[in-house]
Structures are given as C-alpha cells and as structure tokens.
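Data from structure30.txt: compact mmCIF, C-alpha atoms and all ligand atoms
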# COMPACT_ATOMS: atom_id res chain seq x y z
CA MET Z 1 -32.58 50.44 -21.76
CA ASN Z 2 -28.84 50.69 -21.27
CA VAL Z 3 -27.73 48.27 -18.58
CA LEU Z 4 -24.54 47.92 -16.56
CA ILE Z 5 -23.70 44.64 -14.81
CA LEU Z 6 -20.99 44.72 -12.15
CA GLY Z 7 -18.82 41.64 -11.69
CA SER Z 8 -16.63 39.22 -13.59
CA GLY Z 9 -17.75 35.68 -12.83
CA GLY Z 10 -20.00 32.96 -14.20
CA ARG Z 11 -22.91 34.57 -12.37
CA GLU Z 12 -22.40 37.80 -14.29
CA HIS Z 13 -22.00 35.94 -17.60
CA ALA Z 14 -25.32 34.18 -16.95
CA PHE Z 15 -26.98 37.53 -16.18
CA ALA Z 16 -25.44 39.08 -19.31
CA TRP Z 17 -26.49 36.13 -21.49
CA LYS Z 18 -30.07 36.43 -20.26
CA ILE Z 19 -30.34 40.23 -20.37
CA ALA Z 20 -28.86 40.27 -23.88
CA GLN Z 21 -32.04 38.41 -24.96
CA SER Z 22 -34.36 41.12 -23.64
CA LYS Z 23 -36.44 43.13 -26.10
CA ALA Z 24 -36.02 46.22 -23.94
CA LEU Z 25 -32.23 46.16 -24.06
CA GLN Z 26 -30.31 48.73 -26.06
CA ASN Z 27 -26.72 48.54 -24.84
CA LEU Z 28 -25.20 46.21 -22.29
CA TYR Z 29 -21.98 46.92 -20.40
CA ILE Z 30 -20.19 44.63 -17.99
CA ALA Z 31 -17.52 45.88 -15.58
CA PRO Z 32 -15.04 44.33 -15.52
CA GLY Z 33 -16.56 41.20 -17.16
CA ASN Z 34 -14.60 38.37 -18.74
CA ALA Z 35 -13.98 36.83 -22.16
CA GLY Z 36 -17.50 35.35 -22.12
CA THR Z 37 -19.42 38.49 -21.21
CA ALA Z 38 -17.66 40.25 -24.12
CA HIS Z 39 -19.97 38.23 -26.43
CA CYS Z 40 -23.09 39.62 -24.72
CA GLY Z 41 -22.11 43.28 -24.44
CA THR Z 42 -19.16 45.60 -23.94
CA ASN Z 43 -16.66 44.95 -21.18
CA VAL Z 44 -15.30 47.96 -19.31
CA ASN Z 45 -12.16 47.52 -17.29
CA LEU Z 46 -13.27 48.89 -13.90
CA ALA Z 47 -13.17 47.36 -10.43
CA VAL Z 48 -16.59 46.71 -8.85
CA THR Z 49 -15.64 48.87 -5.86
CA ASP Z 50 -14.35 51.82 -7.93
CA PHE Z 51 -17.48 53.87 -7.24
CA GLU Z 52 -16.15 57.06 -8.87
CA GLY Z 53 -15.15 55.14 -11.99
CA ILE Z 54 -18.59 53.53 -12.10
CA LYS Z 55 -20.20 56.94 -11.73
CA ASN Z 56 -18.29 58.26 -14.75
CA LEU Z 57 -19.23 55.20 -16.78
CA VAL Z 58 -22.92 55.47 -15.89
CA TRP Z 59 -22.90 59.11 -16.88
CA GLU Z 60 -20.95 58.61 -20.09
CA LYS Z 61 -22.95 55.61 -21.35
CA ASP Z 62 -26.32 56.89 -20.23
CA ILE Z 63 -26.98 53.79 -18.11
CA ASP Z 64 -30.61 53.24 -17.04
CA LEU Z 65 -30.13 50.34 -14.63
CA VAL Z 66 -27.23 48.82 -12.68
CA LEU Z 67 -27.26 45.16 -11.65
CA VAL Z 68 -24.72 44.35 -8.94
CA GLY Z 69 -23.39 40.78 -9.02
CA PRO Z 70 -21.09 40.31 -5.98
CA GLU Z 71 -21.64 41.25 -2.32
CA ASP Z 72 -18.57 43.38 -1.83
CA PRO Z 73 -19.81 46.61 -3.49
CA LEU Z 74 -23.23 46.16 -1.83
CA VAL Z 75 -21.78 45.76 1.67
CA LYS Z 76 -19.53 48.75 0.92
CA GLY Z 77 -22.61 50.80 0.02
CA ILE Z 78 -22.73 51.22 -3.75
CA HIS Z 79 -26.50 51.60 -3.66
CA ASP Z 80 -26.24 54.30 -0.98
CA PHE Z 81 -23.51 55.99 -3.05
CA PHE Z 82 -25.94 56.25 -5.97
CA LEU Z 83 -28.77 57.57 -3.79
CA ASN Z 84 -26.54 60.21 -2.22
CA ASP Z 85 -25.24 61.52 -5.54
CA ASP Z 86 -27.15 64.21 -7.44
CA VAL Z 87 -26.22 62.77 -10.82
CA LEU Z 88 -26.93 59.13 -9.96
CA LYS Z 89 -29.81 59.26 -7.53
CA ASP Z 90 -32.54 58.37 -10.04
CA ILE Z 91 -30.67 55.49 -11.62
CA PRO Z 92 -31.92 52.23 -10.15
CA VAL Z 93 -29.47 49.83 -8.59
CA ILE Z 94 -30.51 46.18 -8.28
CA GLY Z 95 -29.02 45.09 -4.97
CA PRO Z 96 -29.75 46.31 -1.44
CA LYS Z 97 -28.38 49.35 0.33
CA LYS Z 98 -25.88 48.96 3.16
CA ASP Z 99 -28.65 48.30 5.69
CA GLY Z 100 -30.10 45.36 3.71
CA ALA Z 101 -26.67 44.05 2.73
CA GLN Z 102 -26.03 43.50 6.44
CA LEU Z 103 -28.06 40.31 6.02
CA GLU Z 104 -24.86 38.98 4.47
CA GLY Z 105 -22.29 41.43 5.82
CA SER Z 106 -22.90 40.55 9.46
CA LYS Z 107 -23.81 37.07 10.70
CA ASP Z 108 -24.75 38.58 14.05
CA PHE Z 109 -27.16 41.02 12.38
CA SER Z 110 -28.71 38.27 10.27
CA LYS Z 111 -29.16 35.92 13.26
CA GLN Z 112 -30.75 38.72 15.30
CA PHE Z 113 -33.01 39.46 12.34
CA MET Z 114 -34.07 35.81 12.01
CA ILE Z 115 -34.86 35.44 15.72
CA LYS Z 116 -36.66 38.78 15.93
CA HIS Z 117 -38.90 37.98 12.97
CA GLY Z 118 -39.65 34.40 13.97
CA LEU Z 119 -37.73 32.52 11.30
CA PRO Z 120 -36.69 28.93 11.91
CA THR Z 121 -32.93 28.89 12.53
CA ALA Z 122 -30.29 27.28 14.74
CA ARG Z 123 -29.90 28.46 18.36
CA TYR Z 124 -26.94 30.82 18.67
CA ALA Z 125 -25.02 33.40 20.68
CA THR Z 126 -22.47 36.04 19.67
CA PHE Z 127 -19.18 36.70 21.44
CA THR Z 128 -16.32 39.23 21.36
CA LYS Z 129 -12.88 39.05 22.96
CA ASP Z 130 -14.36 40.75 26.02
CA ASN Z 131 -16.56 37.77 26.82
CA LEU Z 132 -14.37 34.96 25.53
CA ASN Z 133 -14.89 32.97 28.73
CA GLU Z 134 -18.63 33.08 28.29
CA GLY Z 135 -18.01 31.74 24.79
CA PHE Z 136 -16.12 28.79 26.30
CA VAL Z 137 -19.01 28.10 28.69
CA PHE Z 138 -21.50 28.32 25.81
CA LEU Z 139 -19.46 25.74 23.88
CA GLU Z 140 -19.24 23.46 26.93
CA ASN Z 141 -23.01 23.42 27.15
CA MET Z 142 -23.54 22.53 23.50
CA PRO Z 143 -23.40 19.19 21.77
CA SER Z 144 -20.66 18.57 19.20
CA PRO Z 145 -20.05 19.46 16.36
CA TYR Z 146 -19.49 23.15 17.05
CA VAL Z 147 -20.28 25.78 14.41
CA LEU Z 148 -18.16 28.96 14.64
CA LYS Z 149 -18.83 31.84 12.26
CA ALA Z 150 -16.82 35.02 11.81
CA ASP Z 151 -19.34 37.87 11.92
CA GLY Z 152 -18.07 39.76 8.88
CA LEU Z 153 -17.19 38.91 5.28
CA ALA Z 154 -14.28 36.46 5.19
CA ALA Z 155 -14.18 35.50 1.50
CA GLY Z 156 -16.33 32.44 2.18
CA LYS Z 157 -13.82 31.01 4.66
CA GLY Z 158 -15.24 32.32 7.93
CA VAL Z 159 -17.27 29.26 8.97
CA LEU Z 160 -15.63 26.47 10.97
CA ILE Z 161 -17.30 23.20 11.91
CA ILE Z 162 -15.34 21.40 14.60
CA ASN Z 163 -15.95 18.09 16.37
CA ASP Z 164 -13.62 18.45 19.34
CA LEU Z 165 -14.53 20.80 22.20
CA GLN Z 166 -10.93 21.75 23.04
CA GLU Z 167 -10.19 22.52 19.41
CA ALA Z 168 -13.36 24.59 19.14
CA LYS Z 169 -12.26 26.65 22.15
CA GLU Z 170 -8.82 27.19 20.63
CA GLU Z 171 -10.32 28.28 17.31
CA LEU Z 172 -12.72 30.64 19.08
CA LYS Z 173 -9.73 32.25 20.80
CA LYS Z 174 -7.81 32.47 17.51
CA MET Z 175 -10.76 34.17 15.85
CA LEU Z 176 -11.50 36.64 18.63
CA VAL Z 177 -8.11 37.34 20.16
CA ASP Z 178 -5.65 36.60 17.34
CA ALA Z 179 -7.90 38.05 14.59
CA LYS Z 180 -7.74 34.85 12.53
CA PHE Z 181 -10.06 36.42 9.94
CA GLY Z 182 -8.96 40.00 10.62
CA ALA Z 183 -11.70 42.43 11.62
CA ALA Z 184 -14.31 39.96 10.30
CA SER Z 185 -13.77 37.75 13.38
CA ALA Z 186 -13.84 40.52 16.01
CA ARG Z 187 -17.28 39.04 16.70
CA VAL Z 188 -18.06 35.35 16.38
CA VAL Z 189 -21.42 33.64 16.15
CA ILE Z 190 -21.53 30.19 17.72
CA GLU Z 191 -24.51 28.14 16.68
CA GLU Z 192 -26.13 24.80 17.01
CA PHE Z 193 -25.25 22.29 14.28
CA LEU Z 194 -28.18 21.47 11.98
CA LYS Z 195 -28.55 17.98 10.56
CA GLY Z 196 -30.19 17.74 7.18
CA ILE Z 197 -29.72 18.34 3.46
CA GLU Z 198 -28.77 21.78 2.24
CA LEU Z 199 -30.32 23.76 -0.57
CA SER Z 200 -30.63 27.36 -1.63
CA VAL Z 201 -33.76 29.31 -2.41
CA PHE Z 202 -33.54 32.61 -4.27
CA VAL Z 203 -35.95 35.48 -3.99
CA LEU Z 204 -36.23 38.59 -6.14
CA THR Z 205 -37.95 41.45 -4.33
CA ASP Z 206 -38.86 45.08 -4.92
CA GLY Z 207 -39.29 45.52 -1.18
CA LYS Z 208 -43.03 44.93 -1.27
CA SER Z 209 -43.71 41.90 -3.41
CA TYR Z 210 -41.45 39.05 -4.38
CA LYS Z 211 -40.94 36.19 -6.81
CA ILE Z 212 -39.48 32.91 -5.62
CA LEU Z 213 -36.92 31.85 -8.21
CA PRO Z 214 -35.94 28.21 -8.88
CA ALA Z 215 -34.20 26.48 -5.97
CA ALA Z 216 -30.74 24.99 -6.42
CA LYS Z 217 -28.24 22.76 -4.69
CA ASP Z 218 -24.55 23.50 -5.01
CA TYR Z 219 -21.48 21.34 -4.48
CA LYS Z 220 -18.91 23.16 -2.37
CA ARG Z 221 -16.02 20.76 -1.94
CA ILE Z 222 -13.23 20.31 -4.46
CA GLY Z 223 -13.29 16.50 -4.41
CA GLU Z 224 -15.80 13.92 -5.58
CA GLY Z 225 -18.13 12.59 -2.91
CA ASP Z 226 -17.98 16.07 -1.35
CA THR Z 227 -14.50 15.68 0.05
CA GLY Z 228 -11.50 17.99 0.41
CA LEU Z 229 -11.29 21.74 0.66
CA ASN Z 230 -14.17 24.17 0.34
CA THR Z 231 -14.42 26.12 -2.91
CA GLY Z 232 -16.64 28.85 -4.28
CA GLY Z 233 -18.75 26.04 -5.77
CA MET Z 234 -18.00 23.18 -8.15
CA GLY Z 235 -21.41 22.63 -9.65
CA ALA Z 236 -25.13 23.09 -9.14
CA VAL Z 237 -28.48 21.49 -9.92
CA SER Z 238 -31.93 23.06 -10.29
CA PRO Z 239 -34.61 22.17 -9.33
CA VAL Z 240 -33.80 20.22 -6.18
CA PRO Z 241 -35.81 16.97 -6.19
CA PHE Z 242 -36.26 16.84 -2.40
CA ALA Z 243 -37.53 20.43 -2.37
CA ASP Z 244 -40.95 19.60 -3.78
CA GLU Z 245 -43.88 21.98 -4.06
CA ALA Z 246 -44.99 21.31 -0.47
CA PHE Z 247 -41.52 22.06 0.89
CA ILE Z 248 -41.20 25.26 -1.14
CA LYS Z 249 -44.63 26.31 0.12
CA LYS Z 250 -43.33 25.87 3.69
CA VAL Z 251 -40.28 27.92 2.79
CA GLU Z 252 -42.53 30.64 1.43
CA GLU Z 253 -44.74 30.75 4.54
CA LYS Z 254 -42.09 30.25 7.22
CA VAL Z 255 -39.08 31.95 5.65
CA VAL Z 256 -39.79 34.18 2.65
CA LYS Z 257 -42.88 36.02 3.93
CA PRO Z 258 -41.40 36.70 7.40
CA THR Z 259 -38.17 37.89 5.75
CA ILE Z 260 -39.95 40.44 3.55
CA ALA Z 261 -42.20 41.50 6.44
CA GLY Z 262 -39.16 41.77 8.73
CA LEU Z 263 -37.32 44.01 6.27
CA ASN Z 264 -40.38 46.25 6.11
CA LYS Z 265 -40.68 46.39 9.90
CA GLU Z 266 -37.01 47.35 10.16
CA GLY Z 267 -37.54 50.10 7.58
CA ILE Z 268 -35.14 48.44 5.15
CA ASP Z 269 -36.15 49.16 1.54
CA TYR Z 270 -34.63 46.07 -0.08
CA ARG Z 271 -34.53 45.85 -3.86
CA GLY Z 272 -32.67 42.93 -5.27
CA PHE Z 273 -31.94 39.28 -4.80
CA ILE Z 274 -31.99 37.41 -1.50
CA PHE Z 275 -30.15 34.11 -1.45
CA ILE Z 276 -31.44 31.98 1.41
CA GLY Z 277 -29.23 29.09 2.47
CA LEU Z 278 -31.47 26.46 4.03
CA MET Z 279 -31.21 23.14 5.74
CA ASN Z 280 -34.04 20.71 5.10
CA CYS Z 281 -34.29 19.09 8.55
CA ASP Z 282 -36.76 16.20 8.22
CA GLY Z 283 -38.96 18.22 5.88
CA GLU Z 284 -38.75 21.45 7.87
CA PRO Z 285 -36.71 24.39 6.56
CA SER Z 286 -34.17 26.06 8.85
CA VAL Z 287 -32.24 29.14 7.71
CA ILE Z 288 -28.45 28.78 7.67
CA GLU Z 289 -27.64 32.12 6.14
CA TYR Z 290 -28.69 34.97 3.92
CA ASN Z 291 -26.68 36.41 1.07
CA CYS Z 292 -27.59 39.75 -0.45
CA ARG Z 293 -26.97 38.61 -4.03
CA MET Z 294 -27.31 35.58 -6.26
CA GLY Z 295 -25.02 32.59 -5.80
CA ASP Z 296 -22.26 31.45 -8.09
CA PRO Z 297 -22.55 28.80 -9.63
CA GLU Z 298 -26.26 28.63 -8.66
CA THR Z 299 -27.08 31.56 -10.97
CA GLU Z 300 -25.81 29.50 -13.88
CA VAL Z 301 -28.67 27.02 -13.34
CA VAL Z 302 -31.33 29.35 -11.90
CA ILE Z 303 -31.23 32.02 -14.62
CA PRO Z 304 -31.34 29.53 -17.54
CA ARG Z 305 -34.51 28.09 -16.00
CA ILE Z 306 -36.30 31.46 -16.06
CA LYS Z 307 -38.37 31.79 -19.24
CA SER Z 308 -39.54 35.36 -18.63
CA ASP Z 309 -37.63 38.48 -19.57
CA LEU Z 310 -35.14 39.12 -16.74
CA LEU Z 311 -34.73 42.79 -17.62
CA ASP Z 312 -38.49 43.24 -17.39
CA LEU Z 313 -38.42 41.65 -13.92
CA LEU Z 314 -35.52 43.88 -12.85
CA HIS Z 315 -37.38 46.91 -14.16
CA GLY Z 316 -40.26 45.77 -11.95
CA VAL Z 317 -37.89 45.71 -8.97
CA ALA Z 318 -36.64 49.20 -9.76
CA THR Z 319 -40.15 50.65 -10.09
CA GLN Z 320 -41.79 48.50 -7.38
CA THR Z 321 -44.11 46.93 -9.94
CA LEU Z 322 -42.72 43.41 -9.65
CA HIS Z 323 -46.21 42.07 -8.82
CA THR Z 324 -47.39 43.06 -12.32
CA LYS Z 325 -44.61 41.18 -14.09
CA GLU Z 326 -44.94 37.86 -15.82
CA TYR Z 327 -42.76 35.19 -14.28
CA GLU Z 328 -42.49 31.71 -15.79
CA THR Z 329 -39.95 28.97 -15.35
CA ARG Z 330 -38.86 26.14 -17.57
CA ASP Z 331 -39.60 22.52 -16.64
CA GLY Z 332 -36.93 19.87 -16.49
CA TYR Z 333 -33.45 20.23 -15.03
CA ALA Z 334 -30.51 22.51 -15.49
CA THR Z 335 -27.14 21.43 -14.16
CA THR Z 336 -23.78 23.12 -14.20
CA VAL Z 337 -20.31 21.61 -13.89
CA VAL Z 338 -17.53 24.01 -12.95
CA MET Z 339 -14.15 23.60 -14.66
CA VAL Z 340 -11.30 24.85 -12.49
CA SER Z 341 -7.56 25.49 -12.77
CA GLY Z 342 -5.32 22.70 -11.45
CA GLY Z 343 -4.43 23.43 -7.82
CA TYR Z 344 -7.58 25.40 -7.02
CA PRO Z 345 -8.70 26.24 -4.29
CA GLY Z 346 -5.01 26.37 -3.37
CA GLU Z 347 -2.38 27.89 -5.64
CA PHE Z 348 -2.87 27.76 -9.39
CA VAL Z 349 -1.38 29.34 -12.49
CA LYS Z 350 -3.35 31.75 -14.69
CA GLY Z 351 -2.85 32.44 -18.37
CA LYS Z 352 -3.35 28.91 -19.76
CA VAL Z 353 -4.65 28.97 -23.34
CA VAL Z 354 -8.13 27.49 -23.77
CA ASP Z 355 -8.75 25.33 -26.85
CA ASN Z 356 -11.88 24.04 -28.60
CA LEU Z 357 -14.12 26.85 -27.29
CA GLU Z 358 -15.38 27.68 -30.78
CA GLN Z 359 -16.96 24.21 -31.19
CA LYS Z 360 -20.74 23.70 -31.06
CA PHE Z 361 -21.82 22.31 -27.70
CA ASP Z 362 -25.11 21.05 -26.35
CA SER Z 363 -24.41 23.26 -23.29
CA LEU Z 364 -24.22 26.89 -22.30
CA VAL Z 365 -20.58 27.71 -21.64
CA PHE Z 366 -20.49 30.42 -18.98
CA HIS Z 367 -17.08 31.94 -18.40
CA SER Z 368 -16.02 32.44 -14.77
CA GLY Z 369 -12.33 33.25 -14.80
CA THR Z 370 -11.21 33.94 -18.35
CA LYS Z 371 -9.83 36.83 -20.32
CA GLN Z 372 -9.21 37.61 -23.94
CA ALA Z 373 -5.49 37.75 -24.80
CA GLU Z 374 -5.37 38.86 -28.43
CA ALA Z 375 -6.96 36.07 -30.48
CA LYS Z 376 -6.94 33.58 -27.57
CA VAL Z 377 -9.05 33.03 -24.48
CA VAL Z 378 -6.83 32.32 -21.47
CA THR Z 379 -7.61 31.22 -17.92
CA ASN Z 380 -7.75 34.05 -15.41
CA GLY Z 381 -9.00 32.53 -12.16
CA GLY Z 382 -9.53 29.41 -10.08
CA ARG Z 383 -12.98 28.73 -11.47
CA VAL Z 384 -12.70 29.01 -15.24
CA PHE Z 385 -16.02 27.89 -16.77
CA ALA Z 386 -19.46 26.82 -15.59
CA ILE Z 387 -20.88 24.38 -18.14
CA THR Z 388 -24.67 24.42 -17.96
CA SER Z 389 -26.95 21.94 -19.70
CA TYR Z 390 -30.64 21.15 -19.77
CA GLY Z 391 -32.18 17.71 -19.45
CA VAL Z 392 -35.45 15.98 -18.65
CA SER Z 393 -33.49 14.26 -15.88
CA ILE Z 394 -30.43 15.23 -13.83
CA GLU Z 395 -28.57 12.33 -15.47
CA GLU Z 396 -29.21 13.68 -18.95
CA ALA Z 397 -28.26 17.26 -18.11
CA VAL Z 398 -25.07 16.28 -16.23
CA ALA Z 399 -24.02 13.92 -19.02
CA LYS Z 400 -24.19 16.82 -21.49
CA SER Z 401 -22.19 19.10 -19.19
CA LEU Z 402 -19.53 16.43 -18.69
CA HIS Z 403 -19.32 15.83 -22.41
CA THR Z 404 -18.73 19.54 -23.02
CA ALA Z 405 -16.23 19.82 -20.15
CA ASN Z 406 -14.32 16.91 -21.62
CA ARG Z 407 -13.97 18.69 -24.96
CA ILE Z 408 -12.89 22.12 -23.73
CA GLN Z 409 -9.14 21.99 -23.12
CA PHE Z 410 -6.66 23.90 -21.01
CA GLU Z 411 -3.61 22.69 -19.18
CA GLY Z 412 -4.38 21.47 -15.66
CA LYS Z 413 -8.19 21.50 -16.06
CA TYR Z 414 -10.20 19.72 -13.39
CA TYR Z 415 -13.90 19.22 -12.74
CA ARG Z 416 -16.01 16.97 -10.56
CA LYS Z 417 -17.72 14.14 -12.40
CA ASP Z 418 -20.24 13.44 -9.62
CA ILE Z 419 -22.35 16.62 -9.71
CA GLY Z 420 -25.97 15.69 -9.01
CA LYS Z 421 -25.17 12.03 -8.33
CA ASP Z 422 -26.52 12.21 -4.78
CA LEU Z 423 -29.85 13.42 -6.20
CA MET Z 424 -30.27 10.82 -8.96
P1 LIG Z 501 -22.01 29.85 5.36
O1 LIG Z 501 -20.71 30.56 5.11
O2 LIG Z 501 -22.89 30.46 6.37
O3 LIG Z 501 -22.66 29.46 4.06
O4 LIG Z 501 -21.61 28.42 5.96
C1 LIG Z 501 -20.81 27.55 5.23
C2 LIG Z 501 -21.37 26.18 5.30
O5 LIG Z 501 -21.29 25.68 6.64
C3 LIG Z 501 -22.85 26.08 4.97
O6 LIG Z 501 -23.07 26.05 3.62
C4 LIG Z 501 -23.21 24.79 5.66
O7 LIG Z 501 -22.82 23.68 4.88
C5 LIG Z 501 -22.37 24.83 6.90
N1 LIG Z 501 -23.13 25.33 8.03
C6 LIG Z 501 -23.27 26.62 8.41
N2 LIG Z 501 -24.03 26.70 9.51
C7 LIG Z 501 -24.38 25.45 9.84
C8 LIG Z 501 -25.17 24.88 10.90
N3 LIG Z 501 -25.72 25.63 11.84
N4 LIG Z 501 -25.32 23.56 10.91
C9 LIG Z 501 -24.73 22.77 9.98
N5 LIG Z 501 -23.99 23.25 8.98
C10 LIG Z 501 -23.81 24.56 8.90
N1 LIG Z 502 -22.14 29.20 -4.22
C1 LIG Z 502 -22.20 29.89 -3.00
C2 LIG Z 502 -22.17 31.34 -3.08
O1 LIG Z 502 -22.29 31.96 -4.11
O2 LIG Z 502 -22.03 31.95 -2.02

Please, can you express the file's structure as structure tokens?
Ligand code: AMP
Ligand code: GLY
Amino acid sequence: MNVLILGSGGREHAFAWKIAQSKALQNLYIAPGNAGTAHCGTNVNLAVTDFEGIKNLVWEKDIDLVLVGPEDPLVKGIHDFFLNDDVLKDIPVIGPKKDGAQLEGSKDFSKQFMIKHGLPTARYATFTKDNLNEGFVFLENMPSPYVLKADGLAAGKGVLIINDLQEAKEELKKMLVDAKFGAASARVVIEEFLKGIELSVFVLTDGKSYKILPAAKDYKRIGEGDTGLNTGGMGAVSPVPFADEAFIKKVEEKVVKPTIAGLNKEGIDYRGFIFIGLMNCDGEPSVIEYNCRMGDPETEVVIPRIKSDLLDLLHGVATQTLHTKEYETRDGYATTVVMVSGGYPGEFVKGKVVDNLEQKFDSLVFHSGTKQAEAKVVTNGGRVFAITSYGVSIEEAVAKSLHTANRIQFEGKYYRKDIGKDLM
C-alpha cells in the first residue's frame, strides 16, 4: 500500500516510524513532515488544510490510505472532501468526517453527546452572549473552582479554571462579549470541577468494533512539579499505573461502549482514533473531553507499545474488519521526554542547529519541530523532539530518555526532568 500521513509533529513521526515497519507498505509520504519523518518516507511540502494540493498528491502518488494526524483538517472536513470527490471517494481516510470531528470541534456538542448517551461527566450548561446573565447565575450557584471552556477550537488555550467568582464572571463576559477566543468563544461551556487524577485512553474504531489502545498520562505544564504555563505536552508515560485492568474495564463499559453505541445512534460513521480525556475520581472514570485524533506526545508512547502491524489495523478500520485484526501490546513502560526551544510556550527562536543527533541512543528520537537545512537539522518549533524509551519500570525508561535528552544539543534546549516522578 501507498500511504500518506498528514501532519508535522512527533505524533506523525511516531506513526511514520511504525508504518514504515509494515510488511504491506510500499511507499510512505508525509505532508508536510519534518526532518525525522524524512527517514521513514518522503516528505511533501503541503499544508494539512490544502485539500486541493492533497488531492493532487493522492492522485499523483497513487495513495491507498490517508492517515490524518491533527484535528484541524478533520474539523474542516477533509474526510467529507474525499467522499464528495469522484476521484478520491474510494480512498480511505483514517479520521472522522465533520460530524464525528465535532466531538472535539465543539465542547457543547460533545457535552450534549455525553449526557444523551449516559456517559459519566461533569454537570454543565452552555451560554452565549444572549444569556450572559443566566451564566452569571449558574456560576453563583456552583462551588469554586469554576471551569470555563470555549466551545470551539482555541489552539488548546480555550479552557480556564478560576478560583474567584468575580474573576470567573469577568472571564465569561470576555469570552462571550469581547470574543476573547474569537468565534471559538461565541458559546461557552461552564462545568463542574472534577477532583481526581487525569489520564487519557485511546480507542481505534471502524465505527462498529474497536480496540482500546494503551492508556497514557501526559504532563502539560512547562515547569517541573507541574507548574507554570500550559504547553502542548512536555512528556508522557504509558501504561498508567493507577489505571489498572479493573479501571480500564470500567472505562470500557461506562465510556467506550456507550461512545461507540452513541455514535451509531446518531448515525455518525466514525473511522479513526478517539482520544478520551478522563478523570479518575476515586476509582470512577469521568469524561473531561474527547479529541478526534491521537494526542501528542501521547502517541510517542502509545504507538511504540503496540506490537501489531499498525497499517494492518488501519486497513481494518478502512474496510470495517477491525474485529478480525490481531492486536497485541508490549509489556513494560514507555516514557517520552519532550525537548523544547528556550522560551516555549512563549516566544522562542527557530533555526538553531541540532548536534549529536547521529549518535546511537537507547531511545527513539521522534522529531516534533525540526527541519532539514542542507546537511544540518535545525529547530523549527516550540517542541523539538520527543525522546521515547522503554523500561521495565518508569524509572528505567525515564532515565534513558533523560540520558538521551542530555546528549542531544541545541542552543536554549529545555526539558522537564520530573516526567513520571509522580507515578513512581
Ligand atoms: P481540555 O482542553 O478540555 O483538555 O481541558 C484542559 C485541561 O483542563 C484538562 O486537561 C484538565 O486538566 C482541565 N479540566 C478540564 N475540565 C475539567 C473539569 N471539569 N474539572 C477539572 N479539570 C478540568
Ligand atoms: N497532549 C494533548 C493533546 O494532544 O491534545
């Protein structure tokens, strides 16, 4: 098969690394990719939302399957674009259509979906600028802290957790009336704060059957001890020790099965990954959010723990034969430590030369934000590498990742040294 992966991050490098090992693969293309994906296949310089450009590429390279990494093209309807095009309609896209992508594209839609299909989730209500005062009353009748969520995609910044009632009211007004997050905050979900430990569970589905992939915990804040600004993710661990078999079984019964059944009841033919953000509240799962894709950097620990052929599984999704596919995972732990550019998640400089990359490491070095500049690899984003290692314990895996991160050099590099510490 000829495969096209859309995206340019560590997630897409992990996908490319895994798919490159498949017996069924002929040619692999990544658009736009990065300096790391170039070692797994051919990079093509195209934006993930350039649907016409993607169409030409698919046609030219005789692509048999498209795997979509990020949410943006899914929410914008790339899958629908394929289905509505005479040339593309029979080429499978892994990733939901616009209707399914609403699970991530609209918090209001996803909360309605959860309530309607009986999933455990925080109590909530949705407001617009026309009922701002009702929003104030709703806040007054809730305990602190207050959770405010912009309805639409806001580049991961649309969730505010605020302790003070007055401040929460002001922020609600800023979101609804002053368009703090643009059109994304024309509607705001206010929900009850959940106390517990967070983790993510990933599901691959062909719309009928599903496989539950390894669970992971990510580390969102820039600083050690989970302090400072939110980032795209500074590290991840899989499996999650507190998500034992009994907990995952609960997740399957109370969350995964009702989600798949709910999609069917709504007439949503969902083929792709579902990323379920969960809170473990005293042993009971509660859904925080859905994403219509895999997580980054979670993919960099989840995919390396899958022993089976990923392309075979994706082919199963495309042909709705996922239930016939072999699915095995690897024991032990995988951890990833994300190396970022100095200044991230604020301002940072790109184009720093990376040294020592050609050395042999006891880790998988996934590129997130890099590009090839003649003979050199240079930094090209806030998150630069995700350094994944295996271990029989979290300690062992993290130690390997830290050792590798210490050796790879670029000016201003930073990484957290406490990934997984809370789980040890
Ligand atoms: P989201 O963008 O939905 O992933 O939310 C960002 C982060 O806010 C989540 O990863 C949680 O850490 C936190 N969060 C969201 N909703 C809640 C909630 N209802 N209770 C507690 N924390 C939450
Ligand atoms: N690591 C969180 C995400 O991919 O949304």

Counting all atoms listed in the file, what residues are within 9 Å of ligand LIG 501 (chain Z), given as a ChimeraX atom specification?
-> /Z:104,107,121-124,145-150,154-161,190-199,220,230,277-279,286-291

Close residues to ligand LIG 502 (chain Z) using all atoms listed in the file, limit 12 Å, as number ranges by chain = Z: 9-12, 69-72, 104, 153-157, 198-202, 216-221, 230-237, 274-277, 289-302, 336, 338, 383, 386

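Take CA of Glu266 in chain Z and CA of Lys116 in chain Z: the distance between them is 10.3 Å.
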
Name all residues at most 10 Å from Ala183 in chain Z (count all atoms listed in the file; drop same-chain ones fewer than 3 positions away) and give them as an mmCIF file with C-alpha atoms, in the frame of the given file.
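To be explicit, this is the file written out as around.cif:
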data_model
loop_
_atom_site.group_PDB
_atom_site.id
_atom_site.type_symbol
_atom_site.label_atom_id
_atom_site.label_comp_id
_atom_site.auth_asym_id
_atom_site.auth_seq_id
_atom_site.Cartn_x
_atom_site.Cartn_y
_atom_site.Cartn_z
ATOM 1 C CA ALA Z 150 -16.820 35.020 11.810
ATOM 2 C CA ASP Z 151 -19.340 37.870 11.920
ATOM 3 C CA GLY Z 152 -18.070 39.760 8.880
ATOM 4 C CA LEU Z 153 -17.190 38.910 5.280
ATOM 5 C CA ALA Z 154 -14.280 36.460 5.190
ATOM 6 C CA MET Z 175 -10.760 34.170 15.850
ATOM 7 C CA LEU Z 176 -11.500 36.640 18.630
ATOM 8 C CA ALA Z 179 -7.900 38.050 14.590
ATOM 9 C CA LYS Z 180 -7.740 34.850 12.530
ATOM 10 C CA ALA Z 186 -13.840 40.520 16.010
ATOM 11 C CA ARG Z 187 -17.280 39.040 16.700
#

Test item: residues at most 10 Å from Lys421 in chain Z, all atoms listed in the file, excluding those fewer than 5 positions along its chain, as a PyMOL selection string = chain Z and resi 224-225+394-395+398

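Counting all atoms listed in the file and comparing Z:Ser8, Z:Asn356, Z:Asn280, Z:Thr205, the residue that lies closest to Thr37 in chain Z is Z:Ser8.
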
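The nearest approach to Ile115 in chain Z among the residues Z:Ser341, Z:Thr321, Z:Asn380, Z:Thr259, with all atoms listed in the file taken into account, belongs to Z:Thr259.
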
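Of the residues listed (Z:Ser393, Z:Thr379, Z:Thr126, Z:Gln26), Z:Thr126 shows the shortest atom-to-atom separation from Phe109 in chain Z; distances use only C-alpha atoms.
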
Return as CSV the residues of range 236-309 of chain Z lying at most 8 Å from range 88-97 of chain Z, together with the closest atom-to-atom pair for each and the distance in Å to one decimal, counting only C-alpha atoms, with rows in chain order and ascending residue number.
residue,atom,partner,partner_atom,distance
Z:Asp269,CA,Z:Pro96,CA,7.6
Z:Tyr270,CA,Z:Pro96,CA,5.1
Z:Arg271,CA,Z:Pro96,CA,5.4
Z:Gly272,CA,Z:Gly95,CA,4.3
Z:Phe273,CA,Z:Gly95,CA,6.5
Z:Cys292,CA,Z:Pro96,CA,7.0
Z:Arg293,CA,Z:Gly95,CA,6.9

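Interatomic distance, CA of Ala14 in chain Z to CA of His403 in chain Z: 20.1 Å.
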
Excluding Tyr344 in chain Z and any residue of its chain fewer than 3 positions from it, enumerate the residues within 9 Å of it, using only C-alpha atoms, and give them as a PyMOL selection string.
-> chain Z and resi 222+231+340-341+347-348+381-383+414
